[in-house]
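Q: First the structure, then my questions, so here it is.
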Amino acid sequence: MKKVKKLSVLLLCAVMLLAGCGKGGTEKTAVDNNADLSKYPIETDVTLSYFRAMPVNVATLVENYGETEYAKEFEKRVGVKIEYLHPGANAIVEALNLMVASDELPDIIEYAWAFDYVGGPAKAILDEVIIPLNDYKEYAPNFFNLLKENREYDRASKTDDGEYYGFPMIQNGPLLSISAGPVVRADWLRELGISEPETIAEWEAMLTAFKEKKGAKAPLSFNYGLSNQFFAFLDAPKAPYIEDGKVVYGAAQPKFREALGIAHDWFNKGLLDKNIASVDGKMAGSQILSGDTGASFMSGGSGLGPHIISGQAENPDFDLIGVRYPTKNKGEINYSTPTSRPIGGAYTASISTQCTNPAIAAKVLDYVYSEEGQILTNFGIEGKTFNMVDGVPTYSDLIMKNPDGLTISQALGMYVKSGIGAYGVVDEGYIKQYYELPQQKKALEAWTIGAEKSMMRGLPTITPKSEELSEYANIMNEVDKYRDQMIIKFITGIEPLDKFDEYVETMNKYGLERAMEIQTAALKRYEKR
């Protein structure tokens, strides 16, 4: 195995515009075969280099993640020095590609292997970028005990060949499965005497009232990047999902035609933003604050809460409320809610093939899955960042009313690990407190109605076989591009919905049916893990 030389890493940092490569260099130490790995802290002089994206909520506060109070406390508890490497903003994929191409890898790489590495984690192992953990289970007892207790955790953490590829983020509870959803102007509902809408018909009546009685120019508007949420809202997700044991392409199903019909109808009636194809998050937020929009899709933490605070600064009556995903008939449940599985594959810390101390790395990463580690990562240090209240870890004012003026999100990023998007176990207690406003708490309850069943319709972290990767990628690149062009044309009326069958036929000519066969086969392999 090669060592990462300090000079080459620093040059790589410059190429990738790394934000703070850590102090004291990143050269790997010699192998420590004498370290006692039966307890924490580990007594060793080993330093581990760790590559991950800089968390957004601390990026303006520190130059390097190692400067956060959480990182310092974690280092103290595990007994191992960690040097963090960060790519420039939005450059993590490019940064990893450069490291792989240069054959210069840090010890630990936290990455979305299932989504951003071509071929997924199995290919990363085959390419000798990361190592399987199978030979290091004895050094990660906390993690592997969790897998023994939960089959879903277990099979989501390994490849089709049974190789455990890293330490994932585990969302421990249904409230963590969804963090965004439909929101409406609650003050308008009260003023107009309208109940919270539960059906599509009630939504149309509400949007019509917003247009005619409140003068909303775009009664429903949202960041078009969230269009999958919009179609899930209409109970017809455009992404692939599982139906009757097979993977189907949402945007080719009959229900999707019905959803397009509703969207087109609302567009013609002036209920849907006429500029919907170009609306981004900033525009949608501005419109709901100005009164041009009465309903949208927002996240609970960075969307709903801040917009309520901003709106009430100008108008004390301003109010937003999160409402459930609607259904066709009253009393039904929308099982298309865009939820995430407990292990989604987005944040997984893996040990690289160039790590000279893989046993120590495994032991270090395993700490967050221990009972003490889960408390630290979710709540911090008792008496400082949280106190036990009726047996429940409850954030202190250092988090909720930070004396230095940090927002709750920033304070969480500085003192705990939950909320930054990282490997480990995320506890529902974090989100219940992070969503401080009653409107946020209610939104979370509304959005997660039916979430557990919806979750199982979404795809787990499946991967086509290596020989099928190029075929699948080429097909879906053409299909997705064509789909997105046609959706806008159907909504705006440039193309009539009578051409929906022709649209599906065109996608099948691109190879859609073959792509879904590949995905279904991958799903079957996943289920056998």
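For the structure tokens, the naming scheme is as follows: chains receive sequential letters (A, B, ...) according to their order of presentation, residues are indexed from 1 within each chain, and ligands are indexed from 1 in presentation order.
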Apply DSSP to the structure's backbone, then extract all residues of range 185-340 of chain A labelled strand (DSSP E) and return them as an MDAnalysis selection string.

A: chainID A and resid 185 240:243 246:249 295:299 320:322

Q: For the residues in that selection, give me N, CA and C atoms as a JSON list (two decimals), in the first residue's frame.

A:
```
[["chain", "number", "residue", "atom", "x", "y", "z"],
["A", 185, "ARG", "N", -50.34, 29.10, 3.40],
["A", 185, "ARG", "CA", -50.49, 30.29, 4.25],
["A", 185, "ARG", "C", -51.61, 30.04, 5.24],
["A", 240, "PRO", "N", -38.42, 6.16, -10.39],
["A", 240, "PRO", "CA", -38.71, 4.72, -10.28],
["A", 240, "PRO", "C", -39.15, 4.36, -8.86],
["A", 241, "TYR", "N", -40.04, 3.39, -8.75],
["A", 241, "TYR", "CA", -40.46, 2.88, -7.45],
["A", 241, "TYR", "C", -40.85, 1.41, -7.58],
["A", 242, "ILE", "N", -41.12, 0.77, -6.45],
["A", 242, "ILE", "CA", -41.42, -0.66, -6.45],
["A", 242, "ILE", "C", -42.93, -0.87, -6.45],
["A", 243, "GLU", "N", -43.40, -1.72, -7.35],
["A", 243, "GLU", "CA", -44.82, -2.07, -7.42],
["A", 243, "GLU", "C", -44.93, -3.55, -7.78],
["A", 246, "LYS", "N", -41.70, -5.38, -8.59],
["A", 246, "LYS", "CA", -40.90, -4.94, -9.73],
["A", 246, "LYS", "C", -40.60, -3.44, -9.62],
["A", 247, "VAL", "N", -39.54, -3.04, -10.31],
["A", 247, "VAL", "CA", -39.22, -1.61, -10.38],
["A", 247, "VAL", "C", -39.93, -1.04, -11.60],
["A", 248, "VAL", "N", -40.74, -0.03, -11.39],
["A", 248, "VAL", "CA", -41.45, 0.63, -12.49],
["A", 248, "VAL", "C", -41.02, 2.09, -12.56],
["A", 249, "TYR", "N", -41.13, 2.65, -13.73],
["A", 249, "TYR", "CA", -40.75, 4.05, -13.94],
["A", 249, "TYR", "C", -41.99, 4.91, -13.76],
["A", 295, "ALA", "N", -49.14, 28.76, -1.48],
["A", 295, "ALA", "CA", -48.80, 27.37, -1.18],
["A", 295, "ALA", "C", -47.52, 27.00, -1.91],
["A", 296, "SER", "N", -46.73, 26.14, -1.28],
["A", 296, "SER", "CA", -45.45, 25.77, -1.86],
["A", 296, "SER", "C", -44.99, 24.45, -1.26],
["A", 297, "PHE", "N", -43.75, 24.07, -1.57],
["A", 297, "PHE", "CA", -43.09, 22.93, -0.94],
["A", 297, "PHE", "C", -41.83, 23.45, -0.28],
["A", 298, "MET", "N", -41.61, 23.09, 0.98],
["A", 298, "MET", "CA", -40.44, 23.58, 1.72],
["A", 298, "MET", "C", -39.92, 22.51, 2.66],
["A", 299, "SER", "N", -38.65, 22.64, 3.01],
["A", 299, "SER", "CA", -38.10, 21.83, 4.08],
["A", 299, "SER", "C", -38.56, 22.42, 5.41],
["A", 320, "LEU", "N", -47.42, 30.13, 8.34],
["A", 320, "LEU", "CA", -47.36, 29.00, 7.42],
["A", 320, "LEU", "C", -47.63, 27.72, 8.19],
["A", 321, "ILE", "N", -48.19, 26.75, 7.50],
["A", 321, "ILE", "CA", -48.46, 25.47, 8.14],
["A", 321, "ILE", "C", -48.15, 24.35, 7.16],
["A", 322, "GLY", "N", -47.53, 23.30, 7.64],
["A", 322, "GLY", "CA", -47.29, 22.13, 6.80],
["A", 322, "GLY", "C", -48.51, 21.23, 6.82]]
```

Q: So which residues of range 62-171 of chain A fall under helix (DSSP H, G or I) by DSSP, listed as a ChimeraX atom specification?

A: /A:65-67,69-78,92-102,113-116,120-126,134-139,141-149,151-156

Q: Considering only C-alpha atoms, state which residue in the set A:Pro197, A:Gly429, A:Pro219, A:Gly225 is at the smallest distance from Lys441 in chain A.

A: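 The closest residue to Lys441 in chain A is A:Gly429.
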
Q: Please compute the CA of Lys81 in chain A-CA of Leu126 in chain A distance, one decimal, in Å.

A: 29.2 Å

Q: Please identify all polymer residues within 9 Å of range 480-492 of chain A, counting only C-alpha atoms, omitting same-chain residues fewer than 6 positions from it, and present them as an mmCIF file with C-alpha atoms, in the first residue's frame.

A:
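Writing the result to part-v4.cif gives the following:
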```cif
data_model
loop_
_atom_site.group_PDB
_atom_site.id
_atom_site.type_symbol
_atom_site.label_atom_id
_atom_site.label_comp_id
_atom_site.auth_asym_id
_atom_site.auth_seq_id
_atom_site.Cartn_x
_atom_site.Cartn_y
_atom_site.Cartn_z
ATOM 1 C CA LYS A 238 -41.995 10.531 -11.552
ATOM 2 C CA ALA A 251 -43.344 8.910 -15.224
ATOM 3 C CA ALA A 252 -44.533 6.174 -17.583
ATOM 4 C CA LEU A 260 -50.208 15.679 -15.615
ATOM 5 C CA GLY A 261 -53.874 16.333 -16.364
ATOM 6 C CA ILE A 262 -54.361 17.967 -12.956
ATOM 7 C CA ALA A 263 -51.169 20.005 -13.345
ATOM 8 C CA HIS A 264 -52.199 21.165 -16.833
ATOM 9 C CA ASP A 265 -55.682 22.066 -15.596
ATOM 10 C CA TRP A 266 -54.278 24.104 -12.703
ATOM 11 C CA PHE A 267 -51.822 25.801 -15.053
ATOM 12 C CA ASN A 268 -54.666 26.842 -17.386
ATOM 13 C CA LYS A 274 -46.944 30.328 -15.069
ATOM 14 C CA ILE A 276 -42.991 27.049 -12.930
ATOM 15 C CA ALA A 277 -40.220 25.650 -15.149
ATOM 16 C CA LYS A 499 -49.789 12.145 -26.879
ATOM 17 C CA PHE A 500 -49.006 10.499 -23.532
ATOM 18 C CA TYR A 503 -44.441 9.713 -25.082
ATOM 19 C CA THR A 506 -40.688 6.903 -27.232
ATOM 20 C CA MET A 507 -39.145 6.208 -23.811
#
```

Q: Could you check which of A:Phe144, A:Cys355, A:Ala201, A:Trp113 is closest to Ile131 in chain A, using only C-alpha atoms?

A: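 Of A:Phe144, A:Cys355, A:Ala201, A:Trp113, the one nearest Ile131 in chain A, counting only C-alpha atoms, is A:Cys355.
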
Q: By how many Å are CA of Gln439 in chain A and CA of Gly301 in chain A apart?

A: 10.9 Å

Q: Do a neighbour search on range 147-152 of chain A at 12 Å with only C-alpha atoms, toss out local chain neighbours closer than 2 positions, and write the hits as a PDB file with N, CA and C atoms, in the first residue's frame.

A:
```
ATOM      1  N   LYS A 137     -14.550  -6.939  11.367  1.00  0.00           N
ATOM      2  CA  LYS A 137     -15.744  -6.908  12.214  1.00  0.00           C
ATOM      3  C   LYS A 137     -15.400  -6.847  13.695  1.00  0.00           C
ATOM      4  N   ALA A 140     -15.227  -3.405  15.056  1.00  0.00           N
ATOM      5  CA  ALA A 140     -16.432  -2.570  14.957  1.00  0.00           C
ATOM      6  C   ALA A 140     -17.632  -3.316  15.531  1.00  0.00           C
ATOM      7  N   PRO A 141     -17.563  -3.741  16.802  1.00  0.00           N
ATOM      8  CA  PRO A 141     -18.649  -4.551  17.375  1.00  0.00           C
ATOM      9  C   PRO A 141     -19.963  -3.798  17.509  1.00  0.00           C
ATOM     10  N   ASN A 142     -19.912  -2.511  17.785  1.00  0.00           N
ATOM     11  CA  ASN A 142     -21.154  -1.746  17.956  1.00  0.00           C
ATOM     12  C   ASN A 142     -21.946  -1.690  16.648  1.00  0.00           C
ATOM     13  N   PHE A 143     -21.245  -1.411  15.561  1.00  0.00           N
ATOM     14  CA  PHE A 143     -21.893  -1.327  14.257  1.00  0.00           C
ATOM     15  C   PHE A 143     -22.463  -2.668  13.829  1.00  0.00           C
ATOM     16  N   PHE A 144     -21.668  -3.716  13.935  1.00  0.00           N
ATOM     17  CA  PHE A 144     -22.132  -5.013  13.455  1.00  0.00           C
ATOM     18  C   PHE A 144     -23.197  -5.623  14.367  1.00  0.00           C
ATOM     19  N   ASN A 145     -23.232  -5.232  15.626  1.00  0.00           N
ATOM     20  CA  ASN A 145     -24.339  -5.664  16.492  1.00  0.00           C
ATOM     21  C   ASN A 145     -25.647  -5.027  16.046  1.00  0.00           C
ATOM     22  N   ASP A 154     -28.754  -4.326   7.727  1.00  0.00           N
ATOM     23  CA  ASP A 154     -27.682  -5.216   7.288  1.00  0.00           C
ATOM     24  C   ASP A 154     -27.569  -5.250   5.770  1.00  0.00           C
ATOM     25  N   ARG A 155     -28.675  -5.520   5.095  1.00  0.00           N
ATOM     26  CA  ARG A 155     -28.552  -5.676   3.651  1.00  0.00           C
ATOM     27  C   ARG A 155     -28.339  -4.354   2.929  1.00  0.00           C
ATOM     28  N   ALA A 156     -28.685  -3.239   3.568  1.00  0.00           N
ATOM     29  CA  ALA A 156     -28.416  -1.934   2.964  1.00  0.00           C
ATOM     30  C   ALA A 156     -26.966  -1.509   3.143  1.00  0.00           C
ATOM     31  N   SER A 157     -26.227  -2.244   3.980  1.00  0.00           N
ATOM     32  CA  SER A 157     -24.843  -1.873   4.281  1.00  0.00           C
ATOM     33  C   SER A 157     -23.819  -2.703   3.521  1.00  0.00           C
ATOM     34  N   LYS A 158     -24.302  -3.585   2.650  1.00  0.00           N
ATOM     35  CA  LYS A 158     -23.361  -4.441   1.937  1.00  0.00           C
ATOM     36  C   LYS A 158     -23.737  -4.545   0.462  1.00  0.00           C
ATOM     37  N   TYR A 164     -19.297  -5.707   3.162  1.00  0.00           N
ATOM     38  CA  TYR A 164     -19.685  -4.485   3.877  1.00  0.00           C
ATOM     39  C   TYR A 164     -18.724  -3.376   3.470  1.00  0.00           C
ATOM     40  N   PHE A 167     -19.318   2.503   6.857  1.00  0.00           N
ATOM     41  CA  PHE A 167     -20.157   2.831   8.011  1.00  0.00           C
ATOM     42  C   PHE A 167     -21.183   3.877   7.579  1.00  0.00           C
ATOM     43  N   PRO A 168     -22.486   3.527   7.514  1.00  0.00           N
ATOM     44  CA  PRO A 168     -23.492   4.422   6.952  1.00  0.00           C
ATOM     45  C   PRO A 168     -24.174   5.316   7.985  1.00  0.00           C
ATOM     46  N   ILE A 170     -27.548   6.027   9.687  1.00  0.00           N
ATOM     47  CA  ILE A 170     -28.781   5.288   9.961  1.00  0.00           C
ATOM     48  C   ILE A 170     -29.788   6.259  10.565  1.00  0.00           C
ATOM     49  N   GLN A 171     -30.924   6.427   9.903  1.00  0.00           N
ATOM     50  CA  GLN A 171     -31.974   7.302  10.421  1.00  0.00           C
ATOM     51  C   GLN A 171     -32.917   6.457  11.269  1.00  0.00           C
ATOM     52  N   ASN A 172     -32.815   6.632  12.569  1.00  0.00           N
ATOM     53  CA  ASN A 172     -33.483   5.727  13.501  1.00  0.00           C
ATOM     54  C   ASN A 172     -34.865   6.245  13.889  1.00  0.00           C
ATOM     55  N   ARG A 341     -35.267   5.724   3.058  1.00  0.00           N
ATOM     56  CA  ARG A 341     -35.125   4.537   3.894  1.00  0.00           C
ATOM     57  C   ARG A 341     -34.147   4.827   5.028  1.00  0.00           C
ATOM     58  N   PRO A 342     -34.147   3.967   6.065  1.00  0.00           N
ATOM     59  CA  PRO A 342     -33.236   4.206   7.197  1.00  0.00           C
ATOM     60  C   PRO A 342     -31.786   4.368   6.780  1.00  0.00           C
ATOM     61  N   ILE A 343     -31.366   3.573   5.783  1.00  0.00           N
ATOM     62  CA  ILE A 343     -30.021   3.726   5.223  1.00  0.00           C
ATOM     63  C   ILE A 343     -30.180   4.029   3.750  1.00  0.00           C
ATOM     64  N   GLY A 344     -29.877   5.261   3.374  1.00  0.00           N
ATOM     65  CA  GLY A 344     -30.094   5.664   1.994  1.00  0.00           C
ATOM     66  C   GLY A 344     -28.861   5.643   1.126  1.00  0.00           C
ATOM     67  N   TYR A 369     -21.473   4.374  16.949  1.00  0.00           N
ATOM     68  CA  TYR A 369     -22.584   3.427  17.050  1.00  0.00           C
ATOM     69  C   TYR A 369     -22.736   2.871  18.462  1.00  0.00           C
ATOM     70  N   MET A 456     -41.175   1.919   1.812  1.00  0.00           N
ATOM     71  CA  MET A 456     -40.902   0.608   1.239  1.00  0.00           C
ATOM     72  C   MET A 456     -41.216   0.550  -0.253  1.00  0.00           C
ATOM     73  N   PRO A 460     -34.315   0.837  -2.533  1.00  0.00           N
ATOM     74  CA  PRO A 460     -33.161   0.788  -1.643  1.00  0.00           C
ATOM     75  C   PRO A 460     -31.897   1.040  -2.457  1.00  0.00           C
ATOM     76  N   THR A 461     -30.742   0.897  -1.847  1.00  0.00           N
ATOM     77  CA  THR A 461     -29.484   1.166  -2.554  1.00  0.00           C
ATOM     78  C   THR A 461     -29.078  -0.046  -3.399  1.00  0.00           C
ATOM     79  N   TYR A 526     -30.794  -7.635  -4.164  1.00  0.00           N
ATOM     80  CA  TYR A 526     -30.786  -6.930  -2.879  1.00  0.00           C
ATOM     81  C   TYR A 526     -31.614  -7.691  -1.846  1.00  0.00           C
ATOM     82  N   GLU A 527     -32.782  -8.154  -2.265  1.00  0.00           N
ATOM     83  CA  GLU A 527     -33.678  -8.850  -1.341  1.00  0.00           C
ATOM     84  C   GLU A 527     -33.104 -10.180  -0.862  1.00  0.00           C
ATOM     85  N   LYS A 528     -32.153 -10.724  -1.604  1.00  0.00           N
ATOM     86  CA  LYS A 528     -31.522 -11.991  -1.210  1.00  0.00           C
ATOM     87  C   LYS A 528     -30.298 -11.787  -0.325  1.00  0.00           C
ATOM     88  N   ARG A 529     -29.876 -10.544  -0.147  1.00  0.00           N
ATOM     89  CA  ARG A 529     -28.669 -10.299   0.645  1.00  0.00           C
ATOM     90  C   ARG A 529     -28.831 -10.829   2.066  1.00  0.00           C
TER      91      ARG A 529
END
```

Q: Can you pull out the residues contacting range 205-212 of chain A? Cut-off 9 Å, using only C-alpha atoms, and skip same-chain residues under 6 positions away; I want them as a short mmCIF file (atom, residue, chain, number, x, y, z; two decimals) with N, CA, C and O atoms, in the first residue's frame.

A:
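The file below, result-v3.cif, is the result:
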```cif
data_model
loop_
_atom_site.label_atom_id
_atom_site.label_comp_id
_atom_site.auth_asym_id
_atom_site.auth_seq_id
_atom_site.Cartn_x
_atom_site.Cartn_y
_atom_site.Cartn_z
N TRP A 188 -54.08 32.88 5.82
CA TRP A 188 -55.10 33.00 4.78
C TRP A 188 -56.22 31.99 5.01
O TRP A 188 -57.40 32.31 4.80
N LEU A 189 -55.85 30.77 5.41
CA LEU A 189 -56.87 29.77 5.69
C LEU A 189 -57.82 30.28 6.76
O LEU A 189 -59.06 30.16 6.63
N LEU A 192 -60.04 33.18 5.47
CA LEU A 192 -61.05 32.77 4.50
C LEU A 192 -61.98 31.67 5.02
O LEU A 192 -62.90 31.25 4.33
N ILE A 194 -61.18 28.51 5.64
CA ILE A 194 -60.92 27.27 4.91
C ILE A 194 -60.19 26.29 5.82
O ILE A 194 -59.22 26.65 6.49
N SER A 195 -60.63 25.06 5.82
CA SER A 195 -59.95 24.01 6.60
C SER A 195 -58.69 23.55 5.86
O SER A 195 -58.57 23.74 4.64
N GLU A 196 -57.78 22.94 6.58
CA GLU A 196 -56.58 22.40 5.94
C GLU A 196 -57.01 21.39 4.87
O GLU A 196 -57.79 20.48 5.14
N PRO A 197 -56.51 21.52 3.66
CA PRO A 197 -56.94 20.64 2.56
C PRO A 197 -56.39 19.23 2.72
O PRO A 197 -55.23 19.03 3.10
N ALA A 218 -49.62 33.66 -8.26
CA ALA A 218 -49.20 32.26 -8.47
C ALA A 218 -49.58 31.48 -7.23
O ALA A 218 -48.75 31.24 -6.36
N PRO A 219 -50.86 31.12 -7.10
CA PRO A 219 -51.34 30.47 -5.87
C PRO A 219 -50.47 29.31 -5.40
O PRO A 219 -50.21 29.16 -4.21
N LEU A 220 -49.99 28.46 -6.34
CA LEU A 220 -49.07 27.38 -6.00
C LEU A 220 -47.80 27.57 -6.80
O LEU A 220 -47.81 27.61 -8.03
N LYS A 269 -55.88 27.32 -15.34
CA LYS A 269 -56.75 28.11 -14.47
C LYS A 269 -55.99 29.18 -13.68
O LYS A 269 -56.60 29.93 -12.91
N GLY A 270 -54.70 29.25 -13.88
CA GLY A 270 -53.90 30.25 -13.18
C GLY A 270 -53.64 29.90 -11.73
O GLY A 270 -53.33 30.79 -10.92
N LEU A 271 -53.75 28.63 -11.39
CA LEU A 271 -53.51 28.20 -10.00
C LEU A 271 -52.06 27.76 -9.79
O LEU A 271 -51.57 27.77 -8.66
N LEU A 272 -51.39 27.39 -10.88
CA LEU A 272 -49.99 26.98 -10.84
C LEU A 272 -49.15 28.06 -11.49
O LEU A 272 -49.53 28.62 -12.52
N ASP A 292 -47.63 36.78 -3.26
CA ASP A 292 -47.94 36.36 -4.63
C ASP A 292 -48.28 34.87 -4.68
O ASP A 292 -48.91 34.39 -5.62
N THR A 293 -47.81 34.14 -3.66
CA THR A 293 -48.02 32.70 -3.59
C THR A 293 -48.61 32.33 -2.25
O THR A 293 -48.25 32.92 -1.22
N GLY A 294 -49.52 31.35 -2.25
CA GLY A 294 -50.14 30.94 -1.00
C GLY A 294 -49.82 29.52 -0.59
O GLY A 294 -50.15 29.09 0.51
N ALA A 295 -49.14 28.76 -1.48
CA ALA A 295 -48.80 27.37 -1.18
C ALA A 295 -47.52 27.00 -1.91
O ALA A 295 -47.24 27.49 -3.01
#
```

Q: Tell me, as a compact mmCIF listing (two decimals) with all heavy atoms, in the first residue's frame, which residues lie within 9 Å of range 389-405 of chain A, counting only C-alpha atoms; anything in the same chain fewer than 5 positions away does not count.

A:
```
# COMPACT_ATOMS: atom_id res chain seq x y z
N ILE A 375 -25.09 9.21 21.97
CA ILE A 375 -25.43 10.40 22.77
C ILE A 375 -24.60 11.58 22.32
O ILE A 375 -25.11 12.70 22.12
CB ILE A 375 -25.21 10.12 24.28
CG1 ILE A 375 -26.25 9.13 24.81
CG2 ILE A 375 -25.27 11.42 25.08
CD1 ILE A 375 -27.66 9.68 24.87
N PHE A 379 -26.56 14.59 20.77
CA PHE A 379 -26.88 15.59 21.80
C PHE A 379 -25.66 16.29 22.40
O PHE A 379 -25.80 17.32 23.05
CB PHE A 379 -27.70 14.94 22.92
CG PHE A 379 -28.95 14.28 22.42
CD1 PHE A 379 -29.05 12.89 22.35
CD2 PHE A 379 -30.02 15.03 21.94
CE1 PHE A 379 -30.18 12.26 21.86
CE2 PHE A 379 -31.17 14.42 21.45
CZ PHE A 379 -31.25 13.03 21.40
N GLY A 380 -24.47 15.73 22.22
CA GLY A 380 -23.28 16.38 22.72
C GLY A 380 -22.89 15.94 24.11
O GLY A 380 -22.94 14.76 24.44
N GLU A 382 -23.33 16.10 28.19
CA GLU A 382 -24.30 16.39 29.25
C GLU A 382 -23.79 17.50 30.16
O GLU A 382 -22.62 17.53 30.54
CB GLU A 382 -24.59 15.14 30.08
CG GLU A 382 -25.71 15.35 31.09
CD GLU A 382 -26.19 14.07 31.76
OE1 GLU A 382 -25.56 13.01 31.53
OE2 GLU A 382 -27.19 14.12 32.50
N GLY A 383 -24.68 18.43 30.49
CA GLY A 383 -24.31 19.55 31.32
C GLY A 383 -23.79 20.73 30.53
O GLY A 383 -23.66 21.84 31.05
N LYS A 384 -23.49 20.49 29.25
CA LYS A 384 -23.01 21.57 28.38
C LYS A 384 -23.98 21.83 27.23
O LYS A 384 -24.55 22.91 27.13
CB LYS A 384 -21.63 21.22 27.83
CG LYS A 384 -21.00 22.32 26.98
CD LYS A 384 -19.59 21.94 26.54
CE LYS A 384 -18.96 23.05 25.71
NZ LYS A 384 -17.58 22.68 25.26
N GLN A 410 -26.58 26.12 13.11
CA GLN A 410 -25.14 26.34 13.26
C GLN A 410 -24.61 25.76 14.57
O GLN A 410 -23.54 25.14 14.60
CB GLN A 410 -24.83 27.84 13.19
CG GLN A 410 -25.00 28.44 11.81
CD GLN A 410 -24.84 29.95 11.82
OE1 GLN A 410 -25.21 30.63 12.79
NE2 GLN A 410 -24.28 30.49 10.76
N ALA A 411 -25.38 25.95 15.64
CA ALA A 411 -24.95 25.42 16.94
C ALA A 411 -24.89 23.90 16.90
O ALA A 411 -23.95 23.28 17.43
CB ALA A 411 -25.89 25.89 18.04
N LEU A 412 -25.86 23.27 16.27
CA LEU A 412 -25.84 21.82 16.13
C LEU A 412 -24.60 21.39 15.35
O LEU A 412 -23.93 20.42 15.70
CB LEU A 412 -27.10 21.33 15.42
CG LEU A 412 -28.41 21.38 16.22
CD1 LEU A 412 -29.60 21.09 15.31
CD2 LEU A 412 -28.38 20.39 17.38
N TYR A 415 -21.47 21.66 17.68
CA TYR A 415 -21.37 20.89 18.93
C TYR A 415 -21.82 19.43 18.84
O TYR A 415 -21.47 18.63 19.70
CB TYR A 415 -22.18 21.59 20.03
CG TYR A 415 -21.57 22.90 20.46
CD1 TYR A 415 -22.04 24.11 19.97
CD2 TYR A 415 -20.51 22.92 21.36
CE1 TYR A 415 -21.49 25.32 20.36
CE2 TYR A 415 -19.95 24.13 21.77
CZ TYR A 415 -20.44 25.33 21.26
OH TYR A 415 -19.87 26.52 21.65
N GLY A 429 -34.92 12.30 18.56
CA GLY A 429 -34.89 13.38 19.55
C GLY A 429 -34.23 14.64 19.02
O GLY A 429 -34.56 15.75 19.44
N TYR A 430 -33.32 14.48 18.07
CA TYR A 430 -32.65 15.64 17.45
C TYR A 430 -33.64 16.46 16.64
O TYR A 430 -33.76 17.68 16.80
CB TYR A 430 -31.49 15.15 16.59
CG TYR A 430 -31.37 15.81 15.24
CD1 TYR A 430 -30.85 17.10 15.12
CD2 TYR A 430 -31.80 15.17 14.08
CE1 TYR A 430 -30.77 17.73 13.89
CE2 TYR A 430 -31.71 15.78 12.85
CZ TYR A 430 -31.19 17.05 12.76
OH TYR A 430 -31.12 17.66 11.53
N GLN A 433 -36.39 18.46 18.48
CA GLN A 433 -35.97 19.70 19.13
C GLN A 433 -35.49 20.74 18.13
O GLN A 433 -35.68 21.93 18.32
CB GLN A 433 -34.87 19.40 20.15
CG GLN A 433 -35.36 18.53 21.30
CD GLN A 433 -34.26 18.21 22.28
OE1 GLN A 433 -33.82 19.08 23.03
NE2 GLN A 433 -33.81 16.96 22.28
N TYR A 434 -34.85 20.27 17.05
CA TYR A 434 -34.40 21.19 16.01
C TYR A 434 -35.60 21.92 15.41
O TYR A 434 -35.55 23.12 15.15
CB TYR A 434 -33.65 20.40 14.95
CG TYR A 434 -33.26 21.19 13.72
CD1 TYR A 434 -32.87 22.52 13.80
CD2 TYR A 434 -33.27 20.59 12.46
CE1 TYR A 434 -32.50 23.24 12.67
CE2 TYR A 434 -32.90 21.29 11.32
CZ TYR A 434 -32.52 22.62 11.44
OH TYR A 434 -32.17 23.31 10.31
N GLU A 436 -38.13 23.64 16.29
CA GLU A 436 -38.51 24.29 17.53
C GLU A 436 -39.93 24.87 17.49
O GLU A 436 -40.67 24.79 18.47
CB GLU A 436 -37.50 25.41 17.84
CG GLU A 436 -37.76 26.14 19.14
CD GLU A 436 -36.81 27.29 19.34
OE1 GLU A 436 -36.24 27.79 18.34
OE2 GLU A 436 -36.64 27.72 20.49
```

Q: Skip range 42-53 of chain A itself and residues of its chain fewer than 5 positions away, then list as number ranges by chain all residues within 9 Å of it, counting only C-alpha atoms.

A: A: 26-32, 34-37, 77-92, 96, 105-111, 349, 355, 357, 360-361, 363-364, 422
